[in-house]
>>> print(open('my_file_31.txt').read())   # compact mmCIF, C-alpha atoms
# COMPACT_ATOMS: atom_id res chain seq x y z
CA MET A 1 104.17 13.38 131.26
CA SER A 2 105.70 14.86 134.38
CA ARG A 3 106.82 11.39 135.42
CA GLY A 4 109.59 11.04 132.85
CA VAL A 5 110.89 14.42 133.91
CA THR A 6 112.82 13.17 136.92
CA SER A 7 114.94 10.73 134.93
CA THR A 8 115.61 13.44 132.34
CA GLN A 9 116.84 15.68 135.13
CA LEU A 10 119.08 12.94 136.49
CA LEU A 11 120.45 12.37 133.01
CA GLY A 12 121.04 16.08 132.63
CA VAL A 13 123.11 16.22 135.80
CA LEU A 14 125.07 13.07 134.92
CA GLN A 15 125.90 14.46 131.49
CA HIS A 16 127.77 17.30 133.13
CA PHE A 17 130.23 14.75 134.41
CA MET A 18 130.50 12.14 131.65
CA THR A 19 129.58 11.49 128.06
CA GLU A 20 125.95 11.10 127.16
CA THR A 21 126.39 7.40 126.47
CA ALA A 22 128.04 6.83 129.81
CA ALA A 23 125.32 8.84 131.55
CA ARG A 24 122.57 6.77 129.93
CA LEU A 25 124.40 3.59 130.83
CA VAL A 26 124.86 4.57 134.44
CA LEU A 27 121.27 5.68 134.83
CA ARG A 28 119.85 2.61 133.12
CA GLY A 29 122.05 0.25 135.11
CA THR A 30 121.09 1.93 138.35
CA LEU A 31 117.36 1.93 137.63
CA GLU A 32 117.46 -1.69 136.52
CA SER A 33 119.19 -2.85 139.65
CA LEU A 34 116.52 -1.01 141.69
CA ARG A 35 113.81 -2.52 139.49
CA LEU A 36 112.51 0.91 138.52
CA SER A 37 111.67 2.13 135.06
CA ALA A 38 112.74 5.49 133.74
CA ASP A 39 109.26 6.76 132.97
CA ALA A 40 107.70 5.58 136.20
CA LEU A 41 110.20 7.42 138.32
CA GLY A 42 108.72 9.88 140.79
CA PRO A 43 110.12 12.11 143.50
CA ALA A 44 109.43 9.38 146.05
CA GLU A 45 112.02 7.04 144.52
CA LEU A 46 114.57 9.78 143.96
CA PRO A 47 116.52 9.46 147.24
CA ARG A 48 117.02 5.73 146.62
CA VAL A 49 118.12 6.28 143.05
CA ILE A 50 120.54 9.03 143.97
CA GLU A 51 122.08 6.89 146.66
CA ALA A 52 122.57 4.07 144.16
CA LEU A 53 123.93 6.39 141.48
CA GLU A 54 126.91 7.30 143.60
CA PRO A 55 128.69 3.90 143.38
CA ALA A 56 127.41 3.34 139.84
CA SER A 57 128.92 6.56 138.50
CA ARG A 58 132.19 6.03 140.37
CA HIS A 59 134.05 4.60 137.39
CA PHE A 60 133.09 7.45 135.13
CA VAL A 61 133.69 10.44 137.34
CA ASP A 62 137.00 11.89 138.37
CA PRO A 63 137.39 11.58 142.18
CA ALA A 64 137.77 15.34 142.51
CA ARG A 65 134.38 15.92 140.93
CA ARG A 66 132.47 13.30 142.89
CA PRO A 67 131.43 15.65 145.72
CA ASP A 68 130.19 18.09 143.11
CA LEU A 69 128.12 15.39 141.42
CA ALA A 70 126.69 14.26 144.75
CA ALA A 71 125.75 17.84 145.61
CA ARG A 72 124.00 18.38 142.29
CA LEU A 73 122.08 15.14 142.58
CA ARG A 74 120.97 16.10 146.07
CA ALA A 75 119.92 19.49 144.73
CA LEU A 76 117.56 17.65 142.39
CA MET A 77 115.87 16.12 145.41
CA GLY A 78 115.13 19.61 146.65
CA THR A 79 113.58 20.76 143.40
CA ALA A 80 111.66 17.55 142.80
CA SER A 81 110.00 17.67 146.20
CA VAL A 82 108.30 20.93 145.24
CA PRO A 83 104.56 20.20 144.91
CA SER A 84 104.18 19.05 141.33
CA GLY A 85 101.40 21.47 140.42
CA LEU A 86 103.88 22.89 137.95
CA SER A 87 103.09 20.03 135.53
CA ALA A 88 105.40 19.38 132.60
CA ARG A 89 107.30 22.64 133.01
CA GLU A 90 109.05 21.36 136.09
CA PRO A 91 112.59 20.99 134.74
CA THR A 92 112.70 24.49 133.29
CA ALA A 93 111.22 25.92 136.47
CA ALA A 94 113.96 24.23 138.45
CA SER A 95 116.75 25.62 136.32
CA VAL A 96 115.25 29.10 135.93
CA LEU A 97 114.93 29.64 139.65
CA PRO A 98 118.63 30.20 140.52
CA MET A 99 119.11 32.07 137.27
CA ALA A 100 116.38 34.53 138.15
CA LEU A 101 118.01 35.12 141.50
CA ASP A 102 121.40 35.77 139.93
CA ALA A 103 120.28 37.67 136.88
CA ARG A 104 121.48 41.00 138.23
CA PRO A 105 125.12 42.04 138.18
CA THR A 106 126.92 41.49 141.45
CA THR A 107 129.94 43.44 142.62
CA TYR A 108 132.59 42.01 144.87
CA LEU A 109 135.03 44.09 146.83
CA VAL A 110 138.51 42.62 146.63
CA ARG A 111 141.00 43.60 149.31
CA THR A 112 142.32 40.38 150.79
CA GLU A 113 143.05 36.86 149.65
CA ALA A 114 139.83 35.73 151.28
CA ASP A 115 137.92 38.25 149.13
CA ALA A 116 139.60 36.90 146.01
CA SER A 117 138.69 33.38 147.01
CA HIS A 118 135.10 34.47 147.59
CA ALA A 119 134.93 36.23 144.22
CA ARG A 120 136.17 33.25 142.22
CA LEU A 121 133.83 30.87 144.04
CA ALA A 122 130.96 33.25 143.25
CA ALA A 123 132.07 33.43 139.62
CA ARG A 124 132.04 29.68 139.27
CA ALA A 125 128.70 29.33 141.04
CA LEU A 126 127.15 31.97 138.78
CA CYS A 127 128.57 30.33 135.68
CA GLU A 128 127.22 26.97 136.77
CA SER A 129 123.79 28.39 137.50
CA MET A 130 123.74 29.81 133.98
CA GLY A 131 124.34 26.32 132.66
CA GLY A 132 128.03 26.68 131.84
CA ARG A 133 130.01 23.50 131.30
CA GLY A 134 132.91 22.53 133.52
CA TYR A 135 135.62 24.04 131.34
CA GLU A 136 133.76 27.32 130.89
CA CYS A 137 133.17 27.67 134.61
CA GLN A 138 136.81 26.87 135.20
CA LYS A 139 137.89 29.55 132.71
CA VAL A 140 135.73 32.20 134.37
CA ALA A 141 136.83 31.31 137.89
CA THR A 142 140.51 31.17 136.93
CA ALA A 143 140.38 34.50 135.10
CA VAL A 144 138.61 36.12 138.05
CA SER A 145 141.27 34.70 140.32
CA GLU A 146 144.06 36.19 138.18
CA LEU A 147 142.46 39.63 138.11
CA ALA A 148 141.69 39.62 141.82
CA ARG A 149 145.24 38.61 142.57
CA ASN A 150 146.60 41.43 140.42
CA GLN A 151 144.33 43.93 142.16
CA ILE A 152 145.53 42.84 145.56
CA SER A 153 149.21 42.78 144.81
CA TYR A 154 149.50 45.81 142.53
CA ALA A 155 146.62 48.15 143.31
CA GLY A 156 145.89 47.51 146.96
CA GLY A 157 142.49 46.11 146.08
CA GLY A 158 139.63 46.77 143.71
CA THR A 159 136.22 45.56 142.67
CA ILE A 160 135.06 42.71 140.50
CA GLN A 161 131.66 42.82 138.92
CA LEU A 162 130.01 39.71 137.53
CA ILE A 163 127.42 40.43 134.86
CA PRO A 164 125.32 37.56 133.54
CA VAL A 165 123.98 38.18 130.04
CA HIS A 166 121.32 35.96 128.49
CA ALA A 167 120.57 37.69 125.21
CA PRO A 168 121.48 37.91 122.38
CA ARG A 169 123.93 35.26 123.47
CA LYS A 170 124.54 33.61 126.79
CA LEU A 171 127.74 34.86 128.33
CA LEU A 172 129.30 35.98 131.55
CA ARG A 173 130.92 39.39 131.52
CA VAL A 174 133.39 40.33 134.22
CA ARG A 175 134.51 43.86 134.90
CA ALA A 176 137.46 44.40 137.19
CA GLU A 177 138.31 47.91 138.32
CA ASP A 178 140.92 49.33 140.60
CA HIS A 179 142.42 52.71 141.43
CA GLY A 180 146.02 51.67 141.46
CA ARG A 181 148.86 53.22 139.52
CA GLY A 182 148.10 51.33 136.35
CA ILE A 183 150.05 48.71 134.46
CA PRO A 184 153.36 49.92 133.10
CA GLU A 185 154.50 48.15 129.95
CA LEU A 186 151.03 46.85 129.13
CA GLU A 187 152.17 45.92 125.62
CA ARG A 188 154.96 43.78 126.95
CA VAL A 189 152.63 42.11 129.44
CA LEU A 190 150.13 41.27 126.72
CA SER A 191 152.74 40.15 124.23
CA GLY A 192 154.10 37.62 126.70
CA THR A 193 157.64 38.97 126.86
CA TYR A 194 157.20 40.24 130.40
CA ARG A 195 158.18 38.10 133.37
CA SER A 196 157.08 39.21 136.79
CA LYS A 197 159.29 38.65 139.78
CA THR A 198 156.71 36.71 141.72
CA GLY A 199 154.45 34.97 139.26
CA MET A 200 154.94 33.81 135.72
CA GLY A 201 153.91 37.17 134.31
CA LEU A 202 151.00 35.37 132.77
CA GLY A 203 148.13 36.67 134.86
CA LEU A 204 146.67 39.29 132.54
CA LEU A 205 147.78 37.54 129.37
CA GLY A 206 146.22 34.37 130.73
CA VAL A 207 142.92 36.17 131.19
CA LYS A 208 143.13 37.43 127.63
CA ARG A 209 143.75 33.92 126.34
CA LEU A 210 140.91 32.45 128.41
CA SER A 211 138.30 34.98 127.34
CA ASP A 212 136.26 35.30 124.18
CA LYS A 213 136.37 39.08 124.37
CA PHE A 214 138.90 41.10 126.27
CA GLU A 215 139.52 44.77 126.85
CA VAL A 216 141.88 46.60 129.14
CA ASN A 217 142.22 50.29 129.96
CA THR A 218 145.02 51.35 132.17
CA GLY A 219 146.40 54.66 133.30
CA THR A 220 148.06 56.29 136.26
CA THR A 221 144.71 56.58 138.06
CA GLY A 222 143.59 53.00 137.71
CA THR A 223 142.93 49.97 135.59
CA GLN A 224 139.74 48.54 134.13
CA VAL A 225 139.68 45.08 132.64
CA GLU A 226 136.57 43.69 131.04
CA PHE A 227 136.25 40.24 129.59
CA GLU A 228 133.57 37.85 128.43
CA VAL A 229 133.36 34.10 128.42
CA TRP A 230 130.68 32.74 126.13
CA LEU A 231 128.65 29.88 127.52
CA MET B 1 154.64 16.02 162.38
CA SER B 2 154.43 17.93 165.62
CA HIS B 3 156.11 21.22 166.21
CA PRO B 4 156.12 21.80 169.96
CA ASP B 5 158.18 24.94 169.51
CA SER B 6 155.61 26.55 167.24
CA PRO B 7 154.42 29.78 168.83
CA HIS B 8 151.03 29.60 167.07
CA PRO B 9 149.43 26.21 167.58
CA SER B 10 146.41 27.32 165.54
CA ARG B 11 148.65 27.81 162.51
CA ASP B 12 149.34 24.09 162.47
CA LEU B 13 145.75 23.47 161.43
CA SER B 14 146.37 25.30 158.20
CA ARG B 15 149.65 23.52 157.60
CA ILE B 16 149.59 21.33 154.52
CA PRO B 17 150.49 17.74 155.43
CA ILE B 18 153.64 16.21 154.00
CA ILE B 19 153.52 12.44 154.12
CA PRO B 20 156.76 10.45 153.95
CA LEU B 21 156.11 7.16 152.16
CA TRP B 22 158.62 4.56 150.97
CA GLY B 23 161.41 7.06 150.64
CA GLN B 24 159.22 9.59 148.84
CA LEU B 25 157.19 12.54 150.04
CA ILE B 26 153.52 12.88 149.25
CA VAL B 27 151.99 16.33 149.37
CA PRO B 28 148.20 16.39 149.01
CA LEU B 29 146.84 19.83 148.24
CA GLN B 30 143.19 20.61 148.68
CA GLY B 31 140.73 23.44 148.96
CA ASP B 32 141.99 26.97 148.70
CA ILE B 33 145.71 27.35 149.28
CA THR B 34 146.54 30.74 150.73
CA ASP B 35 149.83 32.49 150.00
CA ALA B 36 150.86 31.98 153.61
CA GLN B 37 150.15 28.26 153.36
CA ALA B 38 152.06 28.04 150.10
CA ALA B 39 155.10 29.76 151.57
CA GLN B 40 154.94 27.54 154.64
CA LEU B 41 154.62 24.48 152.41
CA CYS B 42 157.72 25.34 150.41
CA SER B 43 159.89 25.70 153.49
CA ASP B 44 158.36 22.61 155.14
CA VAL B 45 158.92 20.46 152.07
CA LEU B 46 162.52 21.53 151.62
CA ARG B 47 163.23 20.95 155.29
CA ASP B 48 161.65 17.48 155.09
CA ILE B 49 163.68 16.64 152.00
CA GLN B 50 166.81 17.50 153.89
CA ARG B 51 165.68 15.57 156.96
CA THR B 52 164.42 12.42 155.25
CA GLY B 53 166.62 12.41 152.17
CA ALA B 54 163.57 11.73 150.02
CA LYS B 55 164.49 11.01 146.41
CA GLY B 56 161.14 11.99 145.02
CA MET B 57 158.01 13.93 145.81
CA VAL B 58 154.48 13.59 144.51
CA VAL B 59 152.27 16.65 144.71
CA ASP B 60 148.66 15.57 144.41
CA ILE B 61 146.38 18.39 143.28
CA SER B 62 143.22 16.34 142.78
CA GLY B 63 141.67 18.21 145.71
CA LEU B 64 142.17 21.65 144.17
CA TRP B 65 139.25 23.00 142.23
CA LEU B 66 141.18 25.95 140.86
CA VAL B 67 144.78 26.30 139.78
CA ASP B 68 145.85 29.75 138.62
CA SER B 69 149.13 31.12 137.35
CA HIS B 70 150.25 32.12 140.81
CA LEU B 71 149.80 28.63 142.22
CA CYS B 72 151.60 27.22 139.19
CA ALA B 73 154.48 29.58 139.86
CA VAL B 74 154.60 28.37 143.45
CA LEU B 75 154.62 24.74 142.32
CA ALA B 76 157.27 25.40 139.69
CA ARG B 77 159.44 27.16 142.25
CA LEU B 78 158.97 24.34 144.74
CA ALA B 79 159.91 21.76 142.13
CA ALA B 80 162.95 23.76 141.04
CA SER B 81 164.19 24.11 144.62
CA ALA B 82 163.62 20.40 145.27
CA ARG B 83 165.50 19.66 142.06
CA LEU B 84 168.48 21.58 143.41
CA MET B 85 168.44 19.23 146.37
CA GLY B 86 168.34 16.21 144.10
CA THR B 87 164.67 15.42 144.49
CA ARG B 88 162.34 14.77 141.58
CA THR B 89 158.86 16.26 141.68
CA VAL B 90 155.83 14.67 140.06
CA LEU B 91 152.58 16.56 139.87
CA CYS B 92 149.50 14.36 139.74
CA GLY B 93 145.75 14.46 139.93
CA MET B 94 145.08 17.39 137.62
CA GLY B 95 141.47 17.45 136.49
CA ALA B 96 140.51 17.79 132.84
CA ASP B 97 139.04 21.28 133.20
CA VAL B 98 142.06 22.54 135.09
CA ALA B 99 144.40 21.07 132.48
CA LEU B 100 142.46 22.66 129.62
CA THR B 101 142.42 26.01 131.39
CA LEU B 102 146.15 26.02 132.08
CA GLN B 103 146.85 24.98 128.52
CA SER B 104 144.66 27.82 127.19
CA MET B 105 146.51 30.28 129.38
CA GLY B 106 149.80 29.09 127.96
CA ILE B 107 151.12 27.88 131.27
CA GLN B 108 153.63 25.10 130.94
CA LEU B 109 155.05 23.46 133.98
CA ASP B 110 158.27 22.75 132.14
CA ASN B 111 160.39 21.46 134.95
CA VAL B 112 157.73 19.38 136.61
CA GLU B 113 156.93 15.83 135.62
CA THR B 114 153.25 14.98 135.61
CA ALA B 115 151.20 11.86 136.09
CA LEU B 116 147.51 11.08 135.96
CA GLY B 117 147.02 9.90 139.53
CA LEU B 118 148.90 9.18 142.72
CA GLU B 119 149.60 5.57 141.68
CA GLU B 120 151.07 6.61 138.34
CA GLY B 121 153.01 9.36 140.11
CA LEU B 122 154.57 6.94 142.55
CA SER B 123 155.37 4.40 139.87
CA LEU B 124 157.08 7.17 137.88
CA LEU B 125 159.33 7.62 140.90
CA GLY B 126 160.13 3.93 140.85
CA VAL B 127 157.72 2.69 143.50
CA ARG B 128 156.40 -0.69 142.42
CA ALA B 129 153.19 -2.05 143.82
CA VAL B 130 153.31 -5.77 144.54
CA GLY B 131 150.04 -7.66 144.51
CA ALA B 132 148.05 -4.50 144.09
CA ARG B 133 145.55 -3.78 141.40
CA THR B 134 147.23 -2.08 138.49
CA PRO B 135 145.69 0.71 136.41
CA GLU B 136 145.17 -1.89 133.66
CA ALA B 137 143.19 -4.09 136.04
CA GLU B 138 141.12 -1.07 137.07
CA ARG B 139 140.38 -0.25 133.46
CA GLU B 140 139.48 -3.86 132.76
CA GLU B 141 137.12 -3.75 135.72
CA SER B 142 135.34 -0.62 134.56
CA ARG B 143 135.03 -2.05 131.06
CA ARG B 144 133.42 -5.14 132.54
CA LEU B 145 131.07 -2.96 134.56
CA ALA B 146 130.06 -1.09 131.42
CA ASP B 147 129.47 -4.41 129.63
CA GLU B 148 127.32 -5.57 132.51
CA MET B 149 125.24 -2.44 132.35
CA LEU B 150 124.80 -2.78 128.61
CA GLY B 151 123.63 -6.32 129.19
CA PHE B 152 126.43 -7.99 127.21
CA VAL B 153 127.48 -9.96 130.24
CA ALA B 154 125.25 -10.77 133.18
CA PRO B 155 126.78 -9.95 136.57
CA PRO B 156 128.03 -13.18 138.17
CA SER B 157 125.68 -12.97 141.16
CA ALA B 158 122.65 -12.00 139.09
CA ARG B 159 123.26 -14.93 136.75
CA SER B 160 123.02 -17.46 139.56
CA THR B 161 119.86 -15.97 141.04
CA ALA B 162 118.28 -15.68 137.62
CA SER B 163 118.83 -19.34 136.83
CA SER B 164 117.31 -20.39 140.13
CA SER B 165 114.07 -18.47 139.61
>>> encode(input="my_file_31.txt", output="structure tokens")
Amino acid sequence: MSRGVTSTQLLGVLQHFMTETAARLVLRGTLESLRLSADALGPAELPRVIEALEPASRHFVDPARRPDLAARLRALMGTASVPSGLSAREPTAASVLPMALDARPTTYLVRTEADASHARLAARALCESMGGRGYECQKVATAVSELARNQISYAGGGTIQLIPVHAPRKLLRVRAEDHGRGIPELERVLSGTYRSKTGMGLGLLGVKRLSDKFEVNTGTTGTQVEFEVWL
Amino acid sequence: MSHPDSPHPSRDLSRIPIIPLWGQLIVPLQGDITDAQAAQLCSDVLRDIQRTGAKGMVVDISGLWLVDSHLCAVLARLAASARLMGTRTVLCGMGADVALTLQSMGIQLDNVETALGLEEGLSLLGVRAVGARTPEAEREESRRLADEMLGFVAPPSARSTASSS
């Protein structure tokens, strides 16, 4: 039973990057050329398979995402080499592990550009570990980037808290707080009639449009923005 | 491009390369672009346009994992300034997730032409590849690969070995 697990995991990773049909094709083609069968695939063969998957998936994966795919496939090697005393539960154990580590809210201090960069990378990583798809992770990371940028340029810095929620529905909640002077003309900003001098005036409105739930409180003592992206 | 007069040699490492190619400029962006890098890029590009008289510029963003409204504003401003100098700007290499995200945010890069990849970007600027593989040929190739994997067509090499066994 645990033997078929490895190919299911490979398929799972591939499906993040291409359609299911394409993923099955790529995996089948790769296994066939290595003369392996999907249900007799063990951790021992995994390095070989992963190496062969790279050229095989080339035509289906956008060049920019290839390093990501390679990294995820290599990550499988790490989880599969765990002693297989875990029996058939292996795939869930592998995906629960990072989730358990990240289940608590994390707060990031945002003062500099480097902090903002760190926060959005963390947001994407968290979203991915929760099983978010590419677009969802991209939405979260972009929204975090917008908020962090606003905090730096208008409030002299702030904090961004990432809160993973698993029940009743899987979502990522982000709370951004600062102690700046608030957002004047919030209505105009959110209605899209405002144009900022530097950007496109779309930062906060962009976050609102990217999120499934959005709330902003602003006053002369600070601003709190909270949004959710459902996964 | 070397800048012997630069007072901070270390800054050159963070400088975004601008590649002159067949009368065009190619600007590959990758990783995280800082505000300082973006500002430097804008002035570098405009100076290079003036120096080389490039008629077009392709900005390749396939190496960026995140494009937010600020970076879009920078790109739009760069394209508008280049436009004033008579240079067309083509943005290429945008990933699907990035495109969806920008579209959701309501960001339109109105004054910037876009293309799928670098090849399409260059051909939009009038660069014609002679004897190179065209996008159609590439697509044909990947279709054939898919057929091979499905088993509709045996790969040429496999066919010969199979018949000999």
>>> closest_atom_pairs(input="my_file_31.txt", of="chain B", to="chain A", cutoff="8 Å", atoms="only C-alpha atoms", output="CSV")
residue,atom,partner,partner_atom,distance
B:Asp32,CA,A:Ser117,CA,7.4
B:Thr34,CA,A:Glu113,CA,7.1
B:Ser62,CA,A:Ala64,CA,5.5
B:Gly63,CA,A:Ala64,CA,5.8
B:Leu64,CA,A:Ala64,CA,7.9
B:Trp65,CA,A:Ala64,CA,7.8
B:Leu66,CA,A:Thr142,CA,6.6
B:Val67,CA,A:Thr142,CA,7.1
B:Asp68,CA,A:Thr142,CA,5.8
B:Ser69,CA,A:Gly203,CA,6.2
B:His70,CA,A:Gly199,CA,5.3
B:Ala73,CA,A:Gly199,CA,5.4
B:Val74,CA,A:Gly199,CA,7.8
B:Gly95,CA,A:Ala64,CA,7.4
B:Asp97,CA,A:Tyr135,CA,4.8
B:Val98,CA,A:Gln138,CA,6.8
B:Leu100,CA,A:Tyr135,CA,7.2
B:Thr101,CA,A:Lys139,CA,5.9
B:Ser104,CA,A:Leu210,CA,6.1
B:Met105,CA,A:Gly206,CA,4.3
B:Gly106,CA,A:Gly206,CA,7.0
B:Ile107,CA,A:Leu202,CA,7.6
B:Ser142,CA,A:His59,CA,6.1
B:Ala146,CA,A:Leu25,CA,7.4
B:Met149,CA,A:Gly29,CA,5.0
B:Leu150,CA,A:Leu25,CA,6.8
>>> atom_distance(input="my_file_31.txt", atom1="atom CA of B:Gly86", atom2="atom CA of B:Lys55")
6.9 Å
>>> atom_distance(input="my_file_31.txt", atom1="atom CA of A:Leu34", atom2="atom CA of A:Pro67")
22.7 Å
>>> closest_residue(input="my_file_31.txt", among="A:Leu76, A:Leu172, A:Ala148, A:Ala52", to="A:Gly131", atoms="all atoms listed in the file")
A:Leu172
>>> atom_distance(input="my_file_31.txt", atom1="atom CA of A:Ile160", atom2="atom CA of B:Gln40")
28.7 Å
>>> residues_around(input="my_file_31.txt", residues="A:Glu54", least_positions_apart="4", cutoff="9 Å", atoms="only C-alpha atoms", output="list in words")
Val49, Ile50, Arg58, Arg66, Leu69 and Ala70 of chain A
>>> write_last_selection(input="my_file_31.txt", atoms="C-alpha atoms", output="JSON list (two decimals), keeping the file's coordinate frame")
[["chain", "number", "residue", "atom", "x", "y", "z"],
["A", 49, "VAL", "CA", 118.12, 6.28, 143.05],
["A", 50, "ILE", "CA", 120.54, 9.03, 143.97],
["A", 58, "ARG", "CA", 132.19, 6.03, 140.37],
["A", 66, "ARG", "CA", 132.47, 13.30, 142.89],
["A", 69, "LEU", "CA", 128.12, 15.39, 141.42],
["A", 70, "ALA", "CA", 126.69, 14.26, 144.75]]
>>> residues_around(input="my_file_31.txt", residues="A:Pro168", least_positions_apart="3", cutoff="12 Å", atoms="only C-alpha atoms", output="count of residues only")
5
